[in-house]
file coords.pdb (PDB, C-alpha atoms)
ATOM      1  CA  MET I   1     -65.998 -66.958  10.343
ATOM      2  CA  LEU I   2     -66.526 -70.701  10.024
ATOM      3  CA  THR I   3     -69.609 -72.156   8.396
ATOM      4  CA  THR I   4     -70.836 -75.532   7.214
ATOM      5  CA  LEU I   5     -71.662 -75.218   3.548
ATOM      6  CA  GLN I   6     -75.152 -76.433   2.736
ATOM      7  CA  THR I   7     -74.328 -78.484  -0.304
ATOM      8  CA  ALA I   8     -73.530 -82.076  -1.049
ATOM      9  CA  TYR I   9     -69.818 -82.834  -0.972
ATOM     10  CA  SER I  10     -68.788 -83.739  -4.491
ATOM     11  CA  ASP I  11     -65.647 -85.678  -5.190
ATOM     12  CA  THR I  12     -63.807 -82.974  -7.134
ATOM     13  CA  ARG I  13     -60.043 -83.049  -7.481
ATOM     14  CA  ALA I  14     -57.345 -80.419  -7.130
ATOM     15  CA  ALA I  15     -56.561 -80.897 -10.818
ATOM     16  CA  ASP I  16     -60.141 -79.803 -11.683
ATOM     17  CA  LEU I  17     -59.557 -76.249 -10.411
ATOM     18  CA  ALA I  18     -59.419 -73.461 -12.959
ATOM     19  CA  TRP I  19     -58.573 -69.753 -12.621
ATOM     20  CA  ALA I  20     -60.288 -66.741 -14.180
ATOM     21  CA  LEU I  21     -60.194 -62.957 -13.912
ATOM     22  CA  GLY I  22     -63.174 -60.737 -14.612
ATOM     23  CA  ARG I  23     -66.035 -63.204 -14.152
ATOM     24  CA  GLU I  24     -69.403 -61.974 -12.981
ATOM     25  CA  PRO I  25     -70.404 -62.943  -9.430
ATOM     26  CA  LEU I  26     -71.311 -66.621  -9.230
ATOM     27  CA  PRO I  27     -73.854 -68.117  -6.798
ATOM     28  CA  ALA I  28     -72.221 -68.278  -3.364
ATOM     29  CA  LEU I  29     -72.809 -70.583  -0.410
ATOM     30  CA  ALA I  30     -71.190 -68.147   2.063
ATOM     31  CA  VAL I  31     -70.095 -64.503   1.764
ATOM     32  CA  LEU I  32     -67.982 -62.176   3.902
ATOM     33  CA  ASP I  33     -68.023 -58.435   3.103
ATOM     34  CA  LEU I  34     -65.006 -56.436   4.300
ATOM     35  CA  GLN I  35     -64.042 -52.769   4.304
ATOM     36  CA  LEU I  36     -60.251 -52.506   4.111
ATOM     37  CA  ALA I  37     -59.101 -48.853   4.238
ATOM     38  CA  GLY I  38     -60.977 -47.593   1.189
ATOM     39  CA  ALA I  39     -61.365 -50.949  -0.528
ATOM     40  CA  THR I  40     -64.479 -53.101  -0.498
ATOM     41  CA  LEU I  41     -63.675 -56.790  -0.621
ATOM     42  CA  GLN I  42     -66.197 -59.567  -0.885
ATOM     43  CA  MET I  43     -64.966 -63.096  -0.239
ATOM     44  CA  ARG I  44     -67.301 -65.749  -1.631
ATOM     45  CA  LEU I  45     -67.268 -69.495  -1.038
ATOM     46  CA  LEU I  46     -68.698 -71.340  -4.011
ATOM     47  CA  GLY I  47     -69.868 -74.912  -4.292
ATOM     48  CA  ALA I  48     -66.624 -75.558  -6.145
ATOM     49  CA  SER I  49     -64.172 -73.208  -4.393
ATOM     50  CA  HIS I  50     -63.831 -69.378  -4.221
ATOM     51  CA  GLN I  51     -64.419 -65.985  -5.772
ATOM     52  CA  VAL I  52     -63.096 -62.616  -4.586
ATOM     53  CA  LEU I  53     -64.615 -59.313  -5.684
ATOM     54  CA  LEU I  54     -62.538 -56.186  -5.006
ATOM     55  CA  GLU I  55     -63.768 -52.637  -5.551
ATOM     56  CA  GLU I  56     -61.874 -49.429  -5.007
ATOM     57  CA  GLU I  57     -62.136 -45.937  -6.486
ATOM     58  CA  ARG I  58     -59.511 -46.892  -9.090
ATOM     59  CA  GLY I  59     -61.432 -49.888 -10.363
ATOM     60  CA  SER I  60     -62.554 -53.410  -9.655
ATOM     61  CA  CYS I  61     -61.181 -56.927  -9.847
ATOM     62  CA  SER I  62     -62.869 -60.313  -9.816
ATOM     63  CA  GLU I  63     -60.846 -63.494  -9.220
ATOM     64  CA  THR I  64     -62.399 -66.935  -9.479
ATOM     65  CA  VAL I  65     -60.703 -70.224  -8.618
ATOM     66  CA  ALA I  66     -63.203 -73.016  -9.037
ATOM     67  CA  CYS I  67     -64.159 -76.170 -10.859
ATOM     68  CA  MET I  68     -65.687 -74.464 -13.877
ATOM     69  CA  PRO I  69     -67.108 -76.753 -16.545
ATOM     70  CA  GLY I  70     -65.820 -75.795 -19.968
ATOM     71  CA  SER I  71     -63.038 -73.573 -18.632
ATOM     72  CA  SER I  72     -59.927 -73.590 -20.759
ATOM     73  CA  THR I  73     -57.677 -71.916 -18.174
ATOM     74  CA  PRO I  74     -56.267 -74.452 -15.693
ATOM     75  CA  LEU I  75     -54.928 -73.286 -12.371
ATOM     76  CA  PRO I  76     -51.626 -71.534 -13.158
ATOM     77  CA  LEU I  77     -48.561 -71.602 -10.916
ATOM     78  CA  GLY I  78     -48.275 -67.829 -11.291
ATOM     79  CA  VAL I  79     -49.812 -64.836 -13.048
ATOM     80  CA  ALA I  80     -48.774 -61.182 -13.185
ATOM     81  CA  LYS I  81     -51.097 -58.765 -14.998
ATOM     82  CA  ARG I  82     -51.828 -55.077 -15.245
ATOM     83  CA  LEU I  83     -55.448 -54.194 -14.553
ATOM     84  CA  GLY I  84     -55.815 -50.490 -15.279
ATOM     85  CA  ASP I  85     -53.911 -48.695 -12.503
ATOM     86  CA  TRP I  86     -53.354 -51.949 -10.633
ATOM     87  CA  GLU I  87     -50.851 -54.745 -10.702
ATOM     88  CA  TYR I  88     -52.314 -58.160 -10.040
ATOM     89  CA  GLU I  89     -50.191 -61.108  -8.915
ATOM     90  CA  PHE I  90     -51.454 -64.628  -8.320
ATOM     91  CA  ALA I  91     -49.585 -67.766  -7.282
ATOM     92  CA  ALA I  92     -50.764 -71.306  -6.596
ATOM     93  CA  ARG I  93     -49.219 -74.523  -5.391
ATOM     94  CA  VAL I  94     -50.443 -77.984  -4.513
ATOM     95  CA  GLU I  95     -49.242 -79.661  -1.301
ATOM     96  CA  THR I  96     -49.571 -83.447  -1.050
ATOM     97  CA  LEU I  97     -49.706 -84.650   2.549
ATOM     98  CA  SER I  98     -50.042 -87.964   4.371
ATOM     99  CA  GLU I  99     -53.430 -88.685   5.943
ATOM    100  CA  GLY I 100     -52.227 -87.747   9.452
ATOM    101  CA  SER I 101     -50.415 -84.628   8.295
ATOM    102  CA  PHE I 102     -53.427 -83.584   6.236
ATOM    103  CA  ALA I 103     -55.787 -83.829   9.228
ATOM    104  CA  GLY I 104     -53.434 -81.761  11.407
ATOM    105  CA  ARG I 105     -52.913 -79.115   8.731
ATOM    106  CA  ALA I 106     -56.669 -78.897   8.137
ATOM    107  CA  GLN I 107     -57.309 -78.286  11.853
ATOM    108  CA  GLU I 108     -54.575 -75.604  12.039
ATOM    109  CA  LEU I 109     -55.876 -73.731   9.003
ATOM    110  CA  LEU I 110     -59.515 -73.857  10.055
ATOM    111  CA  ALA I 111     -58.597 -72.557  13.536
ATOM    112  CA  LEU I 112     -56.483 -69.737  12.052
ATOM    113  CA  VAL I 113     -59.102 -68.573   9.571
ATOM    114  CA  SER I 114     -62.268 -69.058  11.627
ATOM    115  CA  ASP I 115     -60.962 -66.849  14.467
ATOM    116  CA  HIS I 116     -59.654 -64.082  12.191
ATOM    117  CA  PRO I 117     -61.856 -60.986  11.585
ATOM    118  CA  HIS I 118     -60.939 -61.081   7.861
ATOM    119  CA  GLY I 119     -61.272 -64.845   7.502
ATOM    120  CA  LEU I 120     -63.953 -67.035   5.960
ATOM    121  CA  ALA I 121     -63.949 -70.831   5.980
ATOM    122  CA  GLY I 122     -66.523 -73.350   4.926
ATOM    123  CA  THR I 123     -66.515 -77.072   5.585
ATOM    124  CA  PHE I 124     -68.364 -79.522   3.380
ATOM    125  CA  PRO I 125     -70.766 -82.089   4.870
ATOM    126  CA  GLY I 126     -69.624 -85.672   4.532
ATOM    127  CA  SER I 127     -65.897 -85.136   5.013
ATOM    128  CA  PRO I 128     -64.465 -83.486   8.161
ATOM    129  CA  HIS I 129     -61.374 -82.191   6.361
ATOM    130  CA  ALA I 130     -62.976 -81.004   3.108
ATOM    131  CA  PHE I 131     -62.984 -77.210   3.230
ATOM    132  CA  THR I 132     -62.271 -73.945   1.488
ATOM    133  CA  ALA I 133     -60.761 -71.122   3.564
ATOM    134  CA  MET I 134     -59.849 -67.518   2.771
ATOM    135  CA  LEU I 135     -57.984 -64.798   4.629
ATOM    136  CA  ALA I 136     -57.588 -61.146   3.521
ATOM    137  CA  GLN I 137     -55.583 -58.106   4.584
ATOM    138  CA  ARG I 138     -54.602 -54.659   3.381
ATOM    139  CA  THR I 139     -51.034 -53.466   3.887
ATOM    140  CA  GLU I 140     -49.001 -50.683   2.314
ATOM    141  CA  GLY I 141     -51.733 -49.792  -0.185
ATOM    142  CA  GLN I 142     -52.130 -53.387  -1.366
ATOM    143  CA  VAL I 143     -54.953 -55.837  -0.849
ATOM    144  CA  ARG I 144     -53.813 -59.420  -0.352
ATOM    145  CA  TRP I 145     -55.633 -62.674   0.154
ATOM    146  CA  ARG I 146     -54.710 -66.291   0.636
ATOM    147  CA  THR I 147     -56.884 -69.324   0.069
ATOM    148  CA  TRP I 148     -56.743 -73.003   0.917
ATOM    149  CA  HIS I 149     -58.781 -75.674  -0.879
ATOM    150  CA  ALA I 150     -58.696 -79.097   0.768
ATOM    151  CA  TYR I 151     -59.132 -82.383  -1.070
ATOM    152  CA  PRO I 152     -58.820 -85.045   1.651
ATOM    153  CA  GLN I 153     -59.580 -87.961  -0.675
ATOM    154  CA  GLU I 154     -56.325 -87.119  -2.510
ATOM    155  CA  GLY I 155     -54.417 -85.766   0.472
ATOM    156  CA  GLN I 156     -53.979 -82.514  -1.455
ATOM    157  CA  LEU I 157     -54.197 -78.914  -0.349
ATOM    158  CA  VAL I 158     -54.287 -76.202  -3.004
ATOM    159  CA  VAL I 159     -52.815 -72.970  -1.631
ATOM    160  CA  THR I 160     -53.158 -69.637  -3.454
ATOM    161  CA  ARG I 161     -51.999 -66.124  -2.735
ATOM    162  CA  THR I 162     -53.017 -62.931  -4.501
ATOM    163  CA  ARG I 163     -51.787 -59.357  -4.348
ATOM    164  CA  VAL I 164     -53.511 -56.389  -5.966
ATOM    165  CA  GLY I 165     -51.925 -52.968  -5.681
ATOM    166  CA  VAL I 166     -51.454 -49.665  -7.423
ATOM    167  CA  ARG I 167     -48.754 -49.660 -10.059
ATOM    168  CA  MET I 168     -45.760 -47.707  -8.899
ATOM    169  CA  PRO I 169     -44.131 -45.323 -11.369
ATOM    170  CA  ALA I 170     -40.659 -46.291 -12.489
ATOM    171  CA  PRO I 171     -37.929 -44.376 -10.657
ATOM    172  CA  VAL I 172     -36.350 -41.557 -12.643
ATOM    173  CA  PRO I 173     -32.646 -42.282 -13.236
TER     174      PRO I 173
END
call {"tool": "encode", "arguments": {"input": "coords.pdb", "output": "structure tokens"}}
result
Amino acid sequence: MLTTLQTAYSDTRAADLAWALGREPLPALAVLDLQLAGATLQMRLLGASHQVLLEEERGSCSETVACMPGSSTPLPLGVAKRLGDWEYEFAARVETLSEGSFAGRAQELLALVSDHPHGLAGTFPGSPHAFTAMLAQRTEGQVRWRTWHAYPQEGQLVVTRTRVGVRMPAPVP
């Protein structure tokens, strides 16, 4: 699903992104609700990036990657945490691209996500390549999602990937 976000484009930077687990739902500009084999996943596009809410019989998880005033947790390169019966893994990277490469990559990603049944993308008015996009799937008992946050004024694309799955017991020797 592709939508134009009804908000003014603000000149945020990739370096302004922060990460948080466990935040309450924040006001969203676009939402996609998915049922993924026993898991309820809500992907939310915020004025300043994304939030994912996951619910399953074993528990819930809330991930927020956004420009959050006063946040003391910058965007980490990687996180691995136990959340009850789940293992949570998060990774992020920043790609810096030339203007031409950035435009091409933006078009590819928006086409991929907007045509996918588990995809949500929002473009910001005022800049044709300013967008946030999300794509989710469930495989082998794990819920996974990827996100892309585009900052065309810097030529930067922030790419994240998350995996949430049931902790596997250690094999008995």
call {"tool": "resolve_selection", "arguments": {"input": "coords.pdb", "expression": "the PyMOL selection byres ((chain I and resi 94) around 6)", "output": "VMD selection string"}}
result
chain I and resid 93 95 157 to 158
call {"tool": "closest_residue", "arguments": {"input": "coords.pdb", "among": "I:Ala30, I:Thr160, I:Ala37, I:Thr12", "to": "Ala130 in chain I", "atoms": "all atoms listed in the file"}}
result
I:Thr12
call {"tool": "atom_distance", "arguments": {"input": "coords.pdb", "atom1": "CA of Leu32 in chain I", "atom2": "CA of Leu109 in chain I"}}
result
17.5 Å
call {"tool": "resolve_selection", "arguments": {"input": "coords.pdb", "expression": "the PyMOL selection byres ((chain I and resi 36) around 10)", "output": "ChimeraX atom specification"}}
result
/I:33-35,37-41,56,118,136-139,141-143
call {"tool": "axis_aligned_box", "arguments": {"input": "coords.pdb", "around": "range 117-127 of chain I", "padding_each_side": "8 Å", "output": "JSON"}}
result
{"center_x": -65.9, "center_y": -73.3, "center_z": 7.5, "size_x": 25.8, "size_y": 40.7, "size_z": 24.2}
call {"tool": "closest_residue", "arguments": {"input": "coords.pdb", "among": "I:Met1, I:Met43, I:Gln153, I:Val164", "to": "Leu112 in chain I", "atoms": "only C-alpha atoms"}}
result
I:Met1
call {"tool": "closest_residue", "arguments": {"input": "coords.pdb", "among": "I:Val79, I:Leu97, I:Val166, I:Leu5", "to": "Glu57 in chain I", "atoms": "all atoms listed in the file"}}
result
I:Val166
call {"tool": "resolve_selection", "arguments": {"input": "coords.pdb", "expression": "the PyMOL selection byres ((chain I and resi 13) around 9)", "output": "ChimeraX atom specification"}}
result
/I:11-12,14-17,67,151,153-154,156
call {"tool": "residues_around", "arguments": {"input": "coords.pdb", "residues": "range 58-61 of chain I", "least_positions_apart": "2", "cutoff": "12 Å", "atoms": "all atoms listed in the file", "output": "NGL selection string"}}
result
:I and (20-25 or 38-42 or 51-56 or 63-64 or 81-89 or 143 or 162-167)
call {"tool": "closest_residue", "arguments": {"input": "coords.pdb", "among": "I:Ala103, I:Ala18, I:Leu110, I:Val31", "to": "Gly155 in chain I", "atoms": "all atoms listed in the file"}}
result
I:Ala103
call {"tool": "atom_distance", "arguments": {"input": "coords.pdb", "atom1": "CA of Asp115 in chain I", "atom2": "CA of Leu45 in chain I"}}
result
16.9 Å
call {"tool": "decode", "arguments": {"input": "coords.pdb", "residues": "range 53-153 of chain I", "atoms": "C-alpha atoms", "output": "JSON list (two decimals), in the first residue's frame"}}
result
[["chain", "number", "residue", "atom", "x", "y", "z"],
["I", 53, "LEU", "CA", 3.08, -3.29, 17.23],
["I", 54, "LEU", "CA", 3.14, -7.10, 17.41],
["I", 55, "GLU", "CA", 0.70, -9.19, 19.43],
["I", 56, "GLU", "CA", 0.63, -12.94, 19.80],
["I", 57, "GLU", "CA", -0.67, -15.29, 22.49],
["I", 58, "ARG", "CA", 2.81, -15.34, 24.07],
["I", 59, "GLY", "CA", 3.01, -11.58, 24.45],
["I", 60, "SER", "CA", 3.44, -8.29, 22.69],
["I", 61, "CYS", "CA", 6.23, -6.13, 21.33],
["I", 62, "SER", "CA", 6.36, -2.48, 20.34],
["I", 63, "GLU", "CA", 9.27, -1.12, 18.28],
["I", 64, "THR", "CA", 9.64, 2.56, 17.50],
["I", 65, "VAL", "CA", 12.24, 4.12, 15.21],
["I", 66, "ALA", "CA", 11.58, 7.83, 14.99],
["I", 67, "CYS", "CA", 12.84, 11.32, 15.65],
["I", 68, "MET", "CA", 11.82, 11.44, 19.30],
["I", 69, "PRO", "CA", 12.58, 14.67, 21.13],
["I", 70, "GLY", "CA", 14.37, 13.98, 24.39],
["I", 71, "SER", "CA", 15.20, 10.38, 23.52],
["I", 72, "SER", "CA", 18.50, 9.20, 24.93],
["I", 73, "THR", "CA", 18.72, 6.04, 22.80],
["I", 74, "PRO", "CA", 20.20, 6.77, 19.36],
["I", 75, "LEU", "CA", 19.66, 4.35, 16.53],
["I", 76, "PRO", "CA", 21.85, 1.33, 17.33],
["I", 77, "LEU", "CA", 23.66, -0.78, 14.74],
["I", 78, "GLY", "CA", 22.31, -3.91, 16.43],
["I", 79, "VAL", "CA", 20.28, -5.11, 19.40],
["I", 80, "ALA", "CA", 19.52, -8.60, 20.70],
["I", 81, "LYS", "CA", 17.12, -8.89, 23.64],
["I", 82, "ARG", "CA", 14.93, -11.43, 25.36],
["I", 83, "LEU", "CA", 11.31, -10.36, 25.67],
["I", 84, "GLY", "CA", 9.57, -13.00, 27.76],
["I", 85, "ASP", "CA", 9.39, -16.12, 25.57],
["I", 86, "TRP", "CA", 10.70, -14.20, 22.56],
["I", 87, "GLU", "CA", 14.05, -13.27, 21.17],
["I", 88, "TYR", "CA", 14.17, -9.86, 19.55],
["I", 89, "GLU", "CA", 16.88, -8.87, 17.07],
["I", 90, "PHE", "CA", 17.23, -5.47, 15.44],
["I", 91, "ALA", "CA", 19.85, -4.17, 13.01],
["I", 92, "ALA", "CA", 20.25, -0.82, 11.28],
["I", 93, "ARG", "CA", 22.58, 0.69, 8.73],
["I", 94, "VAL", "CA", 22.84, 3.95, 6.85],
["I", 95, "GLU", "CA", 23.51, 3.93, 3.09],
["I", 96, "THR", "CA", 24.87, 7.13, 1.52],
["I", 97, "LEU", "CA", 24.09, 7.35, -2.19],
["I", 98, "SER", "CA", 24.70, 9.81, -5.02],
["I", 99, "GLU", "CA", 21.70, 11.86, -6.15],
["I", 100, "GLY", "CA", 21.09, 9.65, -9.21],
["I", 101, "SER", "CA", 21.56, 6.41, -7.31],
["I", 102, "PHE", "CA", 19.29, 7.65, -4.53],
["I", 103, "ALA", "CA", 16.45, 8.44, -6.95],
["I", 104, "GLY", "CA", 16.72, 5.00, -8.58],
["I", 105, "ARG", "CA", 16.85, 3.18, -5.25],
["I", 106, "ALA", "CA", 13.85, 5.16, -3.98],
["I", 107, "GLN", "CA", 11.80, 4.16, -7.04],
["I", 108, "GLU", "CA", 12.77, 0.47, -6.69],
["I", 109, "LEU", "CA", 11.87, 0.35, -3.00],
["I", 110, "LEU", "CA", 8.57, 2.17, -3.39],
["I", 111, "ALA", "CA", 7.57, -0.17, -6.24],
["I", 112, "LEU", "CA", 8.54, -3.26, -4.21],
["I", 113, "VAL", "CA", 6.68, -2.23, -1.06],
["I", 114, "SER", "CA", 3.60, -0.60, -2.58],
["I", 115, "ASP", "CA", 2.72, -3.74, -4.58],
["I", 116, "HIS", "CA", 3.31, -6.17, -1.70],
["I", 117, "PRO", "CA", 0.29, -7.36, 0.37],
["I", 118, "HIS", "CA", 2.35, -6.93, 3.58],
["I", 119, "GLY", "CA", 3.90, -3.61, 2.57],
["I", 120, "LEU", "CA", 3.20, -0.04, 3.63],
["I", 121, "ALA", "CA", 4.92, 3.03, 2.21],
["I", 122, "GLY", "CA", 4.29, 6.70, 2.67],
["I", 123, "THR", "CA", 5.76, 9.57, 0.70],
["I", 124, "PHE", "CA", 6.09, 13.05, 2.12],
["I", 125, "PRO", "CA", 4.77, 16.09, 0.22],
["I", 126, "GLY", "CA", 7.45, 18.46, -0.99],
["I", 127, "SER", "CA", 10.12, 15.91, -1.87],
["I", 128, "PRO", "CA", 9.49, 13.08, -4.38],
["I", 129, "HIS", "CA", 12.06, 10.77, -2.78],
["I", 130, "ALA", "CA", 11.30, 11.41, 0.90],
["I", 131, "PHE", "CA", 9.53, 8.31, 2.20],
["I", 132, "THR", "CA", 9.23, 5.68, 4.87],
["I", 133, "ALA", "CA", 8.49, 2.10, 3.76],
["I", 134, "MET", "CA", 7.88, -1.13, 5.66],
["I", 135, "LEU", "CA", 7.56, -4.77, 4.66],
["I", 136, "ALA", "CA", 6.60, -7.69, 6.95],
["I", 137, "GLN", "CA", 6.52, -11.48, 6.76],
["I", 138, "ARG", "CA", 6.18, -14.53, 8.97],
["I", 139, "THR", "CA", 8.41, -17.53, 8.34],
["I", 140, "GLU", "CA", 9.36, -20.53, 10.46],
["I", 141, "GLY", "CA", 7.54, -19.21, 13.54],
["I", 142, "GLN", "CA", 9.24, -15.81, 13.36],
["I", 143, "VAL", "CA", 7.85, -12.42, 12.46],
["I", 144, "ARG", "CA", 10.24, -10.24, 10.49],
["I", 145, "TRP", "CA", 10.05, -6.73, 9.13],
["I", 146, "ARG", "CA", 12.28, -4.41, 7.20],
["I", 147, "THR", "CA", 12.05, -0.65, 6.96],
["I", 148, "TRP", "CA", 13.55, 2.07, 4.80],
["I", 149, "HIS", "CA", 13.69, 5.74, 5.80],
["I", 150, "ALA", "CA", 14.75, 8.10, 3.02],
["I", 151, "TYR", "CA", 16.50, 11.42, 3.56],
["I", 152, "PRO", "CA", 17.05, 12.79, 0.04],
["I", 153, "GLN", "CA", 18.53, 16.09, 1.21]]
